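Chemist: Below is the file input.pdb, with PDB, C-alpha atoms and all ligand atoms.
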```
ATOM      1  CA  MET A   1      -3.130 -20.373  17.382
ATOM      2  CA  SER A   2      -3.752 -19.450  13.756
ATOM      3  CA  PHE A   3      -6.161 -16.713  12.773
ATOM      4  CA  GLU A   4      -9.242 -17.862  10.861
ATOM      5  CA  LYS A   5     -11.791 -15.105  11.405
ATOM      6  CA  ILE A   6     -10.512 -11.686  10.368
ATOM      7  CA  GLY A   7     -12.162  -8.312  10.857
ATOM      8  CA  ILE A   8     -11.147  -5.286   8.793
ATOM      9  CA  ILE A   9     -12.114  -1.723   9.675
ATOM     10  CA  GLY A  10     -12.212   0.487   6.595
ATOM     11  CA  ALA A  11     -13.153  -0.778   3.142
ATOM     12  CA  GLY A  12     -10.961   1.718   1.264
ATOM     13  CA  GLN A  13      -7.897   1.167  -0.887
ATOM     14  CA  MET A  14      -5.975  -0.778   1.789
ATOM     15  CA  GLY A  15      -8.930  -2.381   3.606
ATOM     16  CA  ASN A  16     -10.394  -4.036   0.536
ATOM     17  CA  GLY A  17      -6.926  -5.180  -0.591
ATOM     18  CA  ILE A  18      -6.314  -6.805   2.808
ATOM     19  CA  ALA A  19      -9.790  -8.378   2.648
ATOM     20  CA  GLN A  20      -8.971  -9.779  -0.790
ATOM     21  CA  VAL A  21      -5.727 -11.500   0.216
ATOM     22  CA  CYS A  22      -7.297 -12.915   3.411
ATOM     23  CA  ALA A  23     -10.332 -14.267   1.521
ATOM     24  CA  VAL A  24      -8.179 -15.843  -1.212
ATOM     25  CA  ALA A  25      -6.144 -17.510   1.555
ATOM     26  CA  GLY A  26      -9.355 -19.163   2.806
ATOM     27  CA  LEU A  27     -10.004 -16.943   5.833
ATOM     28  CA  ALA A  28     -13.439 -15.612   6.805
ATOM     29  CA  VAL A  29     -13.508 -11.813   6.513
ATOM     30  CA  THR A  30     -15.818  -9.213   8.042
ATOM     31  CA  MET A  31     -15.211  -5.735   6.612
ATOM     32  CA  VAL A  32     -16.732  -2.736   8.378
ATOM     33  CA  ASP A  33     -17.014   0.832   7.118
ATOM     34  CA  VAL A  34     -19.100   3.862   8.031
ATOM     35  CA  SER A  35     -21.633   3.609   5.193
ATOM     36  CA  ALA A  36     -23.213   0.822   3.183
ATOM     37  CA  ALA A  37     -21.980   2.613   0.038
ATOM     38  CA  ALA A  38     -18.347   2.427   1.250
ATOM     39  CA  VAL A  39     -18.711  -1.269   2.142
ATOM     40  CA  ASP A  40     -20.328  -2.055  -1.239
ATOM     41  CA  ARG A  41     -17.577  -0.125  -3.054
ATOM     42  CA  GLY A  42     -14.921  -2.098  -1.160
ATOM     43  CA  ILE A  43     -16.498  -5.443  -2.026
ATOM     44  CA  ALA A  44     -17.001  -4.397  -5.682
ATOM     45  CA  THR A  45     -13.334  -3.357  -5.884
ATOM     46  CA  LEU A  46     -12.040  -6.655  -4.522
ATOM     47  CA  SER A  47     -14.411  -8.592  -6.770
ATOM     48  CA  GLY A  48     -13.145  -6.625  -9.807
ATOM     49  CA  SER A  49      -9.547  -7.210  -8.768
ATOM     50  CA  LEU A  50     -10.200 -10.972  -8.517
ATOM     51  CA  ASP A  51     -11.866 -10.891 -11.968
ATOM     52  CA  ARG A  52      -8.589  -9.579 -13.392
ATOM     53  CA  LEU A  53      -6.750 -12.536 -11.798
ATOM     54  CA  VAL A  54      -9.276 -14.932 -13.353
ATOM     55  CA  LYS A  55      -8.716 -13.315 -16.776
ATOM     56  CA  LYS A  56      -4.967 -13.818 -16.365
ATOM     57  CA  ASP A  57      -5.533 -17.481 -15.379
ATOM     58  CA  LYS A  58      -4.076 -16.874 -11.922
ATOM     59  CA  LEU A  59      -7.332 -17.877 -10.203
ATOM     60  CA  THR A  60     -10.284 -20.055 -11.269
ATOM     61  CA  ALA A  61     -13.774 -18.561 -11.497
ATOM     62  CA  ALA A  62     -14.898 -21.025  -8.789
ATOM     63  CA  ASP A  63     -12.099 -19.930  -6.431
ATOM     64  CA  LYS A  64     -12.988 -16.316  -7.079
ATOM     65  CA  ALA A  65     -16.641 -16.944  -6.219
ATOM     66  CA  ALA A  66     -15.608 -18.827  -3.050
ATOM     67  CA  ALA A  67     -13.287 -15.977  -1.991
ATOM     68  CA  VAL A  68     -15.982 -13.315  -2.501
ATOM     69  CA  ALA A  69     -18.462 -15.475  -0.541
ATOM     70  CA  ARG A  70     -16.042 -15.436   2.427
ATOM     71  CA  VAL A  71     -16.273 -11.621   2.689
ATOM     72  CA  LYS A  72     -19.124 -10.138   4.695
ATOM     73  CA  GLY A  73     -19.664  -6.395   4.810
ATOM     74  CA  SER A  74     -21.223  -4.450   7.663
ATOM     75  CA  THR A  75     -21.667  -0.934   9.011
ATOM     76  CA  ASP A  76     -22.055  -2.253  12.577
ATOM     77  CA  TYR A  77     -18.990  -2.715  14.798
ATOM     78  CA  ALA A  78     -20.896  -5.477  16.633
ATOM     79  CA  ALA A  79     -20.048  -7.659  13.613
ATOM     80  CA  LEU A  80     -16.421  -7.596  14.862
ATOM     81  CA  GLN A  81     -17.205  -9.538  18.037
ATOM     82  CA  GLY A  82     -15.497 -12.883  18.640
ATOM     83  CA  LEU A  83     -12.966 -12.675  15.779
ATOM     84  CA  ASP A  84      -9.340 -13.863  15.941
ATOM     85  CA  LEU A  85      -7.761 -10.752  14.427
ATOM     86  CA  VAL A  86      -9.152  -7.272  13.731
ATOM     87  CA  ILE A  87      -7.088  -5.026  11.428
ATOM     88  CA  GLU A  88      -7.830  -1.303  11.555
ATOM     89  CA  ALA A  89      -7.355   0.227   8.084
ATOM     90  CA  ALA A  90      -9.428   3.394   8.391
ATOM     91  CA  THR A  91      -8.416   6.921   7.368
ATOM     92  CA  GLU A  92      -4.985   8.081   8.640
ATOM     93  CA  ASN A  93      -6.060  10.304  11.530
ATOM     94  CA  LEU A  94      -4.853   9.937  15.109
ATOM     95  CA  GLU A  95      -8.090  10.959  16.877
ATOM     96  CA  LEU A  96     -10.171   8.713  14.609
ATOM     97  CA  LYS A  97      -7.903   5.707  15.135
ATOM     98  CA  LEU A  98      -7.837   6.186  18.925
ATOM     99  CA  ARG A  99     -11.660   6.288  18.968
ATOM    100  CA  ILE A 100     -12.044   3.227  16.706
ATOM    101  CA  LEU A 101      -9.476   1.132  18.597
ATOM    102  CA  LYS A 102     -10.975   1.920  21.998
ATOM    103  CA  GLN A 103     -14.418   0.952  20.724
ATOM    104  CA  VAL A 104     -13.213  -2.274  19.095
ATOM    105  CA  SER A 105     -11.172  -3.378  22.081
ATOM    106  CA  GLU A 106     -14.231  -3.010  24.312
ATOM    107  CA  LEU A 107     -16.299  -5.382  22.207
ATOM    108  CA  ALA A 108     -13.635  -7.814  20.896
ATOM    109  CA  GLY A 109     -13.046 -11.012  22.861
ATOM    110  CA  ASP A 110     -10.060 -11.366  25.200
ATOM    111  CA  ALA A 111      -8.300 -13.637  22.720
ATOM    112  CA  THR A 112      -8.608 -11.189  19.803
ATOM    113  CA  VAL A 113      -5.437  -9.636  18.446
ATOM    114  CA  ILE A 114      -6.011  -6.051  17.303
ATOM    115  CA  ALA A 115      -3.744  -4.591  14.624
ATOM    116  CA  THR A 116      -3.400  -1.294  12.785
ATOM    117  CA  ASN A 117      -2.279  -0.658   9.219
ATOM    118  CA  THR A 118      -1.200   2.921   9.995
ATOM    119  CA  SER A 119       1.733   4.169   7.949
ATOM    120  CA  SER A 120       2.876   6.902  10.336
ATOM    121  CA  ILE A 121       1.248   6.789  13.771
ATOM    122  CA  SER A 122       3.095   5.283  16.749
ATOM    123  CA  ILE A 123       2.033   1.689  17.493
ATOM    124  CA  THR A 124       2.929   2.241  21.164
ATOM    125  CA  GLN A 125       0.632   5.284  21.341
ATOM    126  CA  LEU A 126      -2.277   3.429  19.711
ATOM    127  CA  ALA A 127      -1.719   0.347  21.926
ATOM    128  CA  ALA A 128      -2.121   2.553  24.998
ATOM    129  CA  VAL A 129      -5.899   2.912  24.425
ATOM    130  CA  VAL A 130      -6.835  -0.757  23.942
ATOM    131  CA  ARG A 131      -7.845  -3.106  26.780
ATOM    132  CA  ALA A 132      -5.026  -5.618  26.122
ATOM    133  CA  PRO A 133      -2.046  -3.644  24.737
ATOM    134  CA  GLU A 134       0.111  -6.794  24.748
ATOM    135  CA  ARG A 135      -2.251  -8.156  22.065
ATOM    136  CA  PHE A 136      -1.911  -5.087  19.840
ATOM    137  CA  ILE A 137       0.492  -4.860  16.883
ATOM    138  CA  GLY A 138       1.211  -2.960  13.666
ATOM    139  CA  LEU A 139       0.588  -4.790  10.388
ATOM    140  CA  HIS A 140       1.854  -2.439   7.690
ATOM    141  CA  PHE A 141       0.723  -3.669   4.286
ATOM    142  CA  PHE A 142       1.990  -2.086   1.068
ATOM    143  CA  ASN A 143      -0.069  -0.719  -1.782
ATOM    144  CA  PRO A 144      -1.487  -2.405  -3.873
ATOM    145  CA  VAL A 145      -1.927  -5.097  -1.214
ATOM    146  CA  PRO A 146      -2.591  -8.059  -3.562
ATOM    147  CA  MET A 147       0.602  -7.268  -5.527
ATOM    148  CA  MET A 148       3.100  -6.349  -2.826
ATOM    149  CA  ALA A 149       4.778  -9.270  -1.057
ATOM    150  CA  LEU A 150       5.955  -7.442   2.064
ATOM    151  CA  LEU A 151       4.228  -7.190   5.441
ATOM    152  CA  GLU A 152       6.028  -5.067   8.024
ATOM    153  CA  VAL A 153       5.148  -6.460  11.470
ATOM    154  CA  ILE A 154       5.704  -3.713  14.024
ATOM    155  CA  ARG A 155       5.744  -4.286  17.741
ATOM    156  CA  GLY A 156       4.950  -1.496  20.140
ATOM    157  CA  LEU A 157       6.589  -1.279  23.528
ATOM    158  CA  GLN A 158       3.702  -3.306  25.005
ATOM    159  CA  THR A 159       3.378  -6.035  22.301
ATOM    160  CA  SER A 160       4.022  -9.574  23.626
ATOM    161  CA  ASP A 161       6.294 -12.140  21.972
ATOM    162  CA  SER A 162       3.323 -14.448  21.385
ATOM    163  CA  THR A 163       1.339 -11.707  19.594
ATOM    164  CA  GLN A 164       4.326 -11.007  17.350
ATOM    165  CA  ALA A 165       4.735 -14.733  16.619
ATOM    166  CA  GLU A 166       1.020 -15.046  15.752
ATOM    167  CA  ALA A 167       1.229 -12.009  13.463
ATOM    168  CA  ILE A 168       4.247 -13.451  11.652
ATOM    169  CA  ALA A 169       2.436 -16.789  11.189
ATOM    170  CA  PHE A 170      -0.566 -14.858   9.816
ATOM    171  CA  ALA A 171       1.672 -13.071   7.282
ATOM    172  CA  HIS A 172       2.902 -16.429   5.977
ATOM    173  CA  ALA A 173      -0.654 -17.841   5.927
ATOM    174  CA  ILE A 174      -1.820 -15.065   3.570
ATOM    175  CA  GLY A 175       1.224 -15.430   1.314
ATOM    176  CA  LYS A 176       3.151 -12.367   2.488
ATOM    177  CA  THR A 177       6.778 -12.156   3.584
ATOM    178  CA  PRO A 178       6.994 -10.575   7.037
ATOM    179  CA  ILE A 179       9.808  -8.500   8.446
ATOM    180  CA  ALA A 180       9.898  -7.820  12.201
ATOM    181  CA  VAL A 181      10.400  -4.167  13.121
ATOM    182  CA  LYS A 182      10.276  -2.174  16.372
ATOM    183  CA  ASN A 183       8.076   0.896  16.682
ATOM    184  CA  SER A 184       9.731   4.104  15.451
ATOM    185  CA  PRO A 185       8.643   6.913  13.072
ATOM    186  CA  GLY A 186       8.249   5.437   9.570
ATOM    187  CA  PHE A 187       9.048   1.948  10.907
ATOM    188  CA  ALA A 188      11.837   0.502   8.682
ATOM    189  CA  VAL A 189      10.842   0.713   5.019
ATOM    190  CA  ASN A 190       9.495   4.278   4.823
ATOM    191  CA  ARG A 191      12.324   5.419   7.109
ATOM    192  CA  ILE A 192      14.761   4.390   4.385
ATOM    193  CA  LEU A 193      12.630   5.090   1.313
ATOM    194  CA  CYS A 194      11.298   8.591   2.058
ATOM    195  CA  PRO A 195      14.662  10.245   2.926
ATOM    196  CA  MET A 196      16.064   8.707  -0.272
ATOM    197  CA  ILE A 197      13.276  10.322  -2.325
ATOM    198  CA  ASN A 198      13.743  13.605  -0.402
ATOM    199  CA  GLU A 199      17.463  13.498  -1.282
ATOM    200  CA  ALA A 200      16.542  13.086  -4.960
ATOM    201  CA  VAL A 201      14.536  16.328  -4.642
ATOM    202  CA  PHE A 202      17.639  18.047  -3.177
ATOM    203  CA  VAL A 203      19.695  16.768  -6.144
ATOM    204  CA  LEU A 204      17.098  18.214  -8.542
ATOM    205  CA  GLN A 205      16.899  21.497  -6.613
ATOM    206  CA  GLU A 206      20.670  21.906  -6.723
ATOM    207  CA  GLY A 207      20.535  21.512 -10.508
ATOM    208  CA  LEU A 208      22.882  18.516 -10.492
ATOM    209  CA  ALA A 209      20.765  16.668 -13.054
ATOM    210  CA  THR A 210      17.320  16.784 -14.671
ATOM    211  CA  ALA A 211      14.396  14.854 -13.162
ATOM    212  CA  GLU A 212      14.564  12.379 -16.052
ATOM    213  CA  ASP A 213      18.305  11.815 -15.565
ATOM    214  CA  ILE A 214      17.990  11.412 -11.791
ATOM    215  CA  ASP A 215      15.298   8.756 -12.329
ATOM    216  CA  THR A 216      17.253   7.056 -15.112
ATOM    217  CA  GLY A 217      20.319   7.037 -12.860
ATOM    218  CA  MET A 218      18.534   5.318  -9.995
ATOM    219  CA  LYS A 219      16.755   2.843 -12.308
ATOM    220  CA  LEU A 220      19.830   1.794 -14.265
ATOM    221  CA  GLY A 221      22.453   2.319 -11.578
ATOM    222  CA  CYS A 222      20.586   0.892  -8.591
ATOM    223  CA  ASN A 223      18.088  -1.418 -10.314
ATOM    224  CA  GLN A 224      15.107   0.440  -8.900
ATOM    225  CA  PRO A 225      11.923  -0.364 -10.868
ATOM    226  CA  ILE A 226      10.825   3.278 -10.800
ATOM    227  CA  GLY A 227      12.880   6.439 -10.318
ATOM    228  CA  PRO A 228      12.560   8.317  -6.982
ATOM    229  CA  LEU A 229      10.944  11.428  -8.502
ATOM    230  CA  ALA A 230       8.385   9.412 -10.464
ATOM    231  CA  LEU A 231       7.725   7.493  -7.231
ATOM    232  CA  ALA A 232       7.249  10.777  -5.354
ATOM    233  CA  ASP A 233       4.602  11.756  -7.931
ATOM    234  CA  LEU A 234       2.897   8.390  -7.373
ATOM    235  CA  ILE A 235       2.912   8.642  -3.571
ATOM    236  CA  GLY A 236       1.776  12.287  -3.642
ATOM    237  CA  LEU A 237       4.135  15.133  -2.764
ATOM    238  CA  ASP A 238       1.885  16.265   0.114
ATOM    239  CA  THR A 239       2.064  12.792   1.658
ATOM    240  CA  LEU A 240       5.829  12.677   1.232
ATOM    241  CA  LEU A 241       6.174  16.118   2.852
ATOM    242  CA  ALA A 242       3.960  15.032   5.772
ATOM    243  CA  VAL A 243       6.097  11.915   6.323
ATOM    244  CA  MET A 244       9.356  13.925   6.297
ATOM    245  CA  GLN A 245       7.833  16.337   8.816
ATOM    246  CA  VAL A 246       6.910  13.389  11.068
ATOM    247  CA  PHE A 247      10.549  12.191  10.889
ATOM    248  CA  CYS A 248      11.933  15.661  11.510
ATOM    249  CA  GLU A 249       9.770  16.140  14.626
ATOM    250  CA  GLY A 250       9.871  12.493  15.758
ATOM    251  CA  PHE A 251      13.680  12.276  15.740
ATOM    252  CA  ASN A 252      14.305  15.978  16.330
ATOM    253  CA  ASP A 253      17.075  15.650  13.768
ATOM    254  CA  PRO A 254      17.593  18.132  10.878
ATOM    255  CA  LYS A 255      18.933  15.361   8.652
ATOM    256  CA  TYR A 256      15.259  14.619   7.907
ATOM    257  CA  ARG A 257      14.388  18.201   6.856
ATOM    258  CA  PRO A 258      12.137  18.239   3.796
ATOM    259  CA  ALA A 259      13.790  19.619   0.660
ATOM    260  CA  PRO A 260      12.708  23.275   0.155
ATOM    261  CA  LEU A 261      11.704  22.414  -3.429
ATOM    262  CA  LEU A 262       9.336  19.737  -2.069
ATOM    263  CA  LYS A 263       7.651  22.380   0.120
ATOM    264  CA  GLU A 264       7.441  24.779  -2.841
ATOM    265  CA  MET A 265       5.842  22.129  -5.046
ATOM    266  CA  VAL A 266       3.218  21.331  -2.398
ATOM    267  CA  ALA A 267       2.519  25.041  -1.821
ATOM    268  CA  ALA A 268       1.966  25.391  -5.585
ATOM    269  CA  GLY A 269      -0.513  22.496  -5.567
ATOM    270  CA  ARG A 270       1.812  20.352  -7.685
ATOM    271  CA  LEU A 271       1.112  17.155  -5.767
ATOM    272  CA  GLY A 272       2.080  14.593  -8.403
ATOM    273  CA  ARG A 273      -0.198  12.267 -10.337
ATOM    274  CA  LYS A 274      -3.302  13.099  -8.338
ATOM    275  CA  SER A 275      -3.149  16.799  -9.305
ATOM    276  CA  GLY A 276      -1.899  16.194 -12.855
ATOM    277  CA  ARG A 277       1.506  17.732 -12.204
ATOM    278  CA  GLY A 278       4.447  17.036  -9.938
ATOM    279  CA  PHE A 279       8.015  16.464 -11.107
ATOM    280  CA  TYR A 280       6.357  15.256 -14.317
ATOM    281  CA  THR A 281       3.161  16.317 -16.089
ATOM    282  CA  TYR A 282       0.292  13.840 -16.480
ATOM    283  CA  GLY A 283      -2.400  13.903 -19.139
TER     284      GLY A 283
HETATM  285  N1  LIG A 301      -2.616   4.147   0.630
HETATM  286  C1  LIG A 301      -1.436   3.616   0.903
HETATM  287  O1  LIG A 301      -0.524   3.550   0.054
HETATM  288  C2  LIG A 301      -1.179   3.033   2.273
HETATM  289  C3  LIG A 301      -0.111   2.146   2.464
HETATM  290  C4  LIG A 301       0.094   1.582   3.744
HETATM  291  C5  LIG A 301      -0.761   1.938   4.792
HETATM  292  N2  LIG A 301      -1.774   2.836   4.578
HETATM  293  C6  LIG A 301      -2.662   3.157   5.706
HETATM  294  O2  LIG A 301      -3.875   2.429   5.574
HETATM  295  C7  LIG A 301      -4.948   3.177   6.163
HETATM  296  C8  LIG A 301      -6.081   3.329   5.158
HETATM  297  O3  LIG A 301      -5.577   4.007   4.025
HETATM  298  P1  LIG A 301      -6.333   3.917   2.611
HETATM  299  O4  LIG A 301      -5.341   4.360   1.596
HETATM  300  O5  LIG A 301      -7.019   2.609   2.461
HETATM  301  O6  LIG A 301      -7.445   5.070   2.805
HETATM  302  P2  LIG A 301      -8.866   5.184   2.086
HETATM  303  O7  LIG A 301      -9.251   6.610   2.206
HETATM  304  O8  LIG A 301      -8.853   4.542   0.750
HETATM  305  O9  LIG A 301      -9.836   4.299   3.026
HETATM  306  C9  LIG A 301     -10.143   4.618   4.345
HETATM  307  C10 LIG A 301     -11.523   4.049   4.672
HETATM  308  O10 LIG A 301     -11.760   4.178   6.075
HETATM  309  C11 LIG A 301     -13.137   4.429   6.234
HETATM  310  N3  LIG A 301     -13.421   4.939   7.561
HETATM  311  C12 LIG A 301     -13.282   6.216   8.026
HETATM  312  N4  LIG A 301     -13.705   6.278   9.302
HETATM  313  C13 LIG A 301     -14.119   5.037   9.655
HETATM  314  C14 LIG A 301     -14.675   4.470  10.836
HETATM  315  N5  LIG A 301     -14.917   5.207  11.922
HETATM  316  N6  LIG A 301     -14.986   3.137  10.841
HETATM  317  C15 LIG A 301     -14.782   2.384   9.742
HETATM  318  N7  LIG A 301     -14.262   2.868   8.588
HETATM  319  C16 LIG A 301     -13.941   4.170   8.548
HETATM  320  C17 LIG A 301     -13.443   5.398   5.104
HETATM  321  O11 LIG A 301     -14.859   5.477   4.860
HETATM  322  C18 LIG A 301     -12.669   4.770   3.954
HETATM  323  O12 LIG A 301     -13.455   3.835   3.233
HETATM  324  C19 LIG A 301      -4.327   4.484   6.658
HETATM  325  O13 LIG A 301      -3.992   4.345   8.012
HETATM  326  C20 LIG A 301      -3.079   4.613   5.797
HETATM  327  O14 LIG A 301      -2.065   5.363   6.404
HETATM  328  C21 LIG A 301      -2.026   3.364   3.351
END
```
Can you turn what I pasted into structure tokens?
Ligand SMILES: NC(=O)c1ccc[n+]([C@@H]2O[C@H](COP(=O)([O-])OP(=O)(O)OC[C@H]3O[C@@H](n4cnc5c(N)ncnc54)[C@H](O)[C@@H]3O)[C@@H](O)[C@H]2O)c1
Modeler:
Amino acid sequence: MSFEKIGIIGAGQMGNGIAQVCAVAGLAVTMVDVSAAAVDRGIATLSGSLDRLVKKDKLTAADKAAAVARVKGSTDYAALQGLDLVIEAATENLELKLRILKQVSELAGDATVIATNTSSISITQLAAVVRAPERFIGLHFFNPVPMMALLEVIRGLQTSDSTQAEAIAFAHAIGKTPIAVKNSPGFAVNRILCPMINEAVFVLQEGLATAEDIDTGMKLGCNQPIGPLALADLIGLDTLLAVMQVFCEGFNDPKYRPAPLLKEMVAAGRLGRKSGRGFYTYG
């Protein structure tokens, strides 16, 4: 079975990006958020993003109009009934996600696959509250969704082989490259990426090199498009610290301990780009 009718919960940064790629791929999208203003903002953002593609000649104006017409917004969860796939992309909060997923699974049809775009919460734990946990899966998109080719497909303990196969087919259908991963803190990509960035903070803290030289080293020596400290500023140092704490507790292994300098920076309110100062200063 291929998914044709997609529901998205949350019209924020990730939700509207997911809606955009699904709509461009020809799928019918229903995007739900808590307020009409949030839904309208989500649709305006995806429309603006498609306008930029039209300007760059990557999409025709007619295809853009057709894609936008495929996206319906709503503030009513009832609009999610009878869809093939519902992707939860609401705020990263365990209690909120448990409540949303329980509610959606009660009204979705038996055939509906329910997915979450969480970046840190256990897929197995979330699956435990839905009616058909074998039809629940993690679909971890990367930011910005229209630009990033990867889709991490994460199976919880309860996820069935057929649900995983359908999710992988969906990734291909929307032009993403899937990788199959088992549930574990940070899944695969952030599990590798975040400790690497944390190690760069240790290198800085130990005075082995300046921030600029650490970033230049990793760009020129490892072909990374952006240095780890500049990437930390982009992600947000508070987010990075939270992820390292999840690893530390989740694996009960001190190898994931956050660098003391990272904690100091967060305590000082130096959160990176969003606060104007992190390892670098922003205008
Ligand atoms: N931002 C990233 O780089 C990134 C990357 C991968 C995954 N994620 C994950 O994607 C999810 C969304 O993150 P985001 O960056 O888009 O956040 P965001 O704050 O931009 O958007 C979240 C949206 O969820 C809505 N929402 C809150 N409660 C809701 C409810 N009960 N029903 C419907 N909508 C509700 C909010 O109004 C908001 O519009 C999180 O789980 C996050 O961990 C984020």
Chemist: Evaluated on this file, the PyMOL selection byres (((chain A and resi 16-18) around 8) and not hetatm) picks out some residues - which ones are they, written as a list in words?
Modeler: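 Written out, the selection comes to Ile8, Gly10, Ala11, Gly12, Gln13, Met14, Gly15, Ala19, Gln20, Val21, Cys22, Met31, Gly42, Ile43, Thr45, Leu46, Phe141, Pro144, Val145 and Pro146 of chain A.
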Chemist: Show me a table, sorted first by chain and then by increasing residue number, of the residues of chain A having an atom at most 8 Å from ligand LIG 301 (chain A), each with its shortest atom pair and the distance in Å to one decimal, counting only C-alpha atoms and all ligand atoms and written as CSV.
Modeler:
```
residue,atom,partner,partner_atom,distance
A:Ile9,CA,A:LIG301,C15,4.9
A:Gly10,CA,A:LIG301,N7,3.7
A:Ala11,CA,A:LIG301,O12,4.6
A:Gly12,CA,A:LIG301,O9,3.3
A:Gln13,CA,A:LIG301,O5,3.7
A:Met14,CA,A:LIG301,O5,3.6
A:Gly15,CA,A:LIG301,O5,5.5
A:Asn16,CA,A:LIG301,O5,7.7
A:Val32,CA,A:LIG301,C15,5.6
A:Asp33,CA,A:LIG301,N7,3.7
A:Val34,CA,A:LIG301,C15,4.9
A:Ser35,CA,A:LIG301,O11,7.0
A:Ala38,CA,A:LIG301,O12,5.5
A:Val39,CA,A:LIG301,O12,7.4
A:Gly42,CA,A:LIG301,O12,7.5
A:Thr75,CA,A:LIG301,C15,7.7
A:Glu88,CA,A:LIG301,C7,7.6
A:Ala89,CA,A:LIG301,C7,4.3
A:Ala90,CA,A:LIG301,O10,3.4
A:Thr91,CA,A:LIG301,C9,4.2
A:Glu92,CA,A:LIG301,O13,3.9
A:Asn93,CA,A:LIG301,O13,7.2
A:Leu96,CA,A:LIG301,N5,6.5
A:Lys97,CA,A:LIG301,N5,7.7
A:Arg99,CA,A:LIG301,N5,7.8
A:Ile100,CA,A:LIG301,N5,5.9
A:Thr116,CA,A:LIG301,O13,7.4
A:Asn117,CA,A:LIG301,O2,5.0
A:Thr118,CA,A:LIG301,O13,3.7
A:Ser119,CA,A:LIG301,O14,4.3
A:Ser120,CA,A:LIG301,O14,6.5
A:His140,CA,A:LIG301,C5,5.9
A:Phe141,CA,A:LIG301,C4,5.3
A:Phe142,CA,A:LIG301,C4,4.9
A:Asn143,CA,A:LIG301,O1,4.7
A:Pro144,CA,A:LIG301,O1,7.2
A:Ile235,CA,A:LIG301,O1,7.1
```
Chemist: I need the residue set behind the PyMOL selection byres (((chain A and resi 248-250) around 12) and not hetatm) for this file; please write it as a list in words.
Modeler: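 This file, filtered by the PyMOL selection byres (((chain A and resi 248-250) around 12) and not hetatm), leaves Ser120, Ile121, Ser122, Asn183, Ser184, Pro185, Gly186, Phe187, Arg191, Cys194, Pro195, Leu241, Ala242, Val243, Met244, Gln245, Val246, Phe247, Phe251, Asn252, Asp253, Pro254, Lys255, Tyr256, Arg257, Pro258 and Ala259 of chain A.
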Chemist: The selected residues should be written to file as a short mmCIF file (atom, residue, chain, number, x, y, z; two decimals), in the frame of the given file (atoms: C-alpha atoms).
Modeler:
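Produced file out27.cif, reproduced below:
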```
data_model
loop_
_atom_site.label_atom_id
_atom_site.label_comp_id
_atom_site.auth_asym_id
_atom_site.auth_seq_id
_atom_site.Cartn_x
_atom_site.Cartn_y
_atom_site.Cartn_z
CA SER A 120 2.88 6.90 10.34
CA ILE A 121 1.25 6.79 13.77
CA SER A 122 3.10 5.28 16.75
CA ASN A 183 8.08 0.90 16.68
CA SER A 184 9.73 4.10 15.45
CA PRO A 185 8.64 6.91 13.07
CA GLY A 186 8.25 5.44 9.57
CA PHE A 187 9.05 1.95 10.91
CA ARG A 191 12.32 5.42 7.11
CA CYS A 194 11.30 8.59 2.06
CA PRO A 195 14.66 10.24 2.93
CA LEU A 241 6.17 16.12 2.85
CA ALA A 242 3.96 15.03 5.77
CA VAL A 243 6.10 11.92 6.32
CA MET A 244 9.36 13.92 6.30
CA GLN A 245 7.83 16.34 8.82
CA VAL A 246 6.91 13.39 11.07
CA PHE A 247 10.55 12.19 10.89
CA PHE A 251 13.68 12.28 15.74
CA ASN A 252 14.30 15.98 16.33
CA ASP A 253 17.08 15.65 13.77
CA PRO A 254 17.59 18.13 10.88
CA LYS A 255 18.93 15.36 8.65
CA TYR A 256 15.26 14.62 7.91
CA ARG A 257 14.39 18.20 6.86
CA PRO A 258 12.14 18.24 3.80
CA ALA A 259 13.79 19.62 0.66
#
```
Chemist: Residues near Lys219 in chain A, anyone? I mean within 12 Å using only C-alpha atoms, not counting same-chain ones fewer than 6 positions away, as an MDAnalysis selection string.
Modeler: chainID A and resid 212:213 225:231
Chemist: I would like the residues chosen by the PyMOL selection byres (((chain A and resi 111) around 12) and not hetatm) on the shown file; could you give them as a compact mmCIF listing (two decimals) with C-alpha atoms, in the frame of the given file?
Modeler:
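Saved the output as result-v5.txt:
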```txt
# COMPACT_ATOMS: atom_id res chain seq x y z
CA MET A 1 -3.13 -20.37 17.38
CA SER A 2 -3.75 -19.45 13.76
CA PHE A 3 -6.16 -16.71 12.77
CA LYS A 5 -11.79 -15.10 11.40
CA GLN A 81 -17.20 -9.54 18.04
CA GLY A 82 -15.50 -12.88 18.64
CA LEU A 83 -12.97 -12.68 15.78
CA ASP A 84 -9.34 -13.86 15.94
CA LEU A 85 -7.76 -10.75 14.43
CA VAL A 86 -9.15 -7.27 13.73
CA SER A 105 -11.17 -3.38 22.08
CA LEU A 107 -16.30 -5.38 22.21
CA ALA A 108 -13.64 -7.81 20.90
CA GLY A 109 -13.05 -11.01 22.86
CA ASP A 110 -10.06 -11.37 25.20
CA THR A 112 -8.61 -11.19 19.80
CA VAL A 113 -5.44 -9.64 18.45
CA ILE A 114 -6.01 -6.05 17.30
CA ARG A 131 -7.84 -3.11 26.78
CA ALA A 132 -5.03 -5.62 26.12
CA PRO A 133 -2.05 -3.64 24.74
CA GLU A 134 0.11 -6.79 24.75
CA ARG A 135 -2.25 -8.16 22.06
CA PHE A 136 -1.91 -5.09 19.84
CA SER A 162 3.32 -14.45 21.38
CA THR A 163 1.34 -11.71 19.59
CA GLU A 166 1.02 -15.05 15.75
```
Chemist: I'd like the neighbourhood of Tyr282 in chain A as a list in words, where a residue qualifies if any of its atoms comes within 8 Å (using all atoms listed in the file), though same-chain residues fewer than 3 positions away should be ignored.
Modeler: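 In the requested format, the answer is Arg273, Gly276 and Arg277 of chain A.
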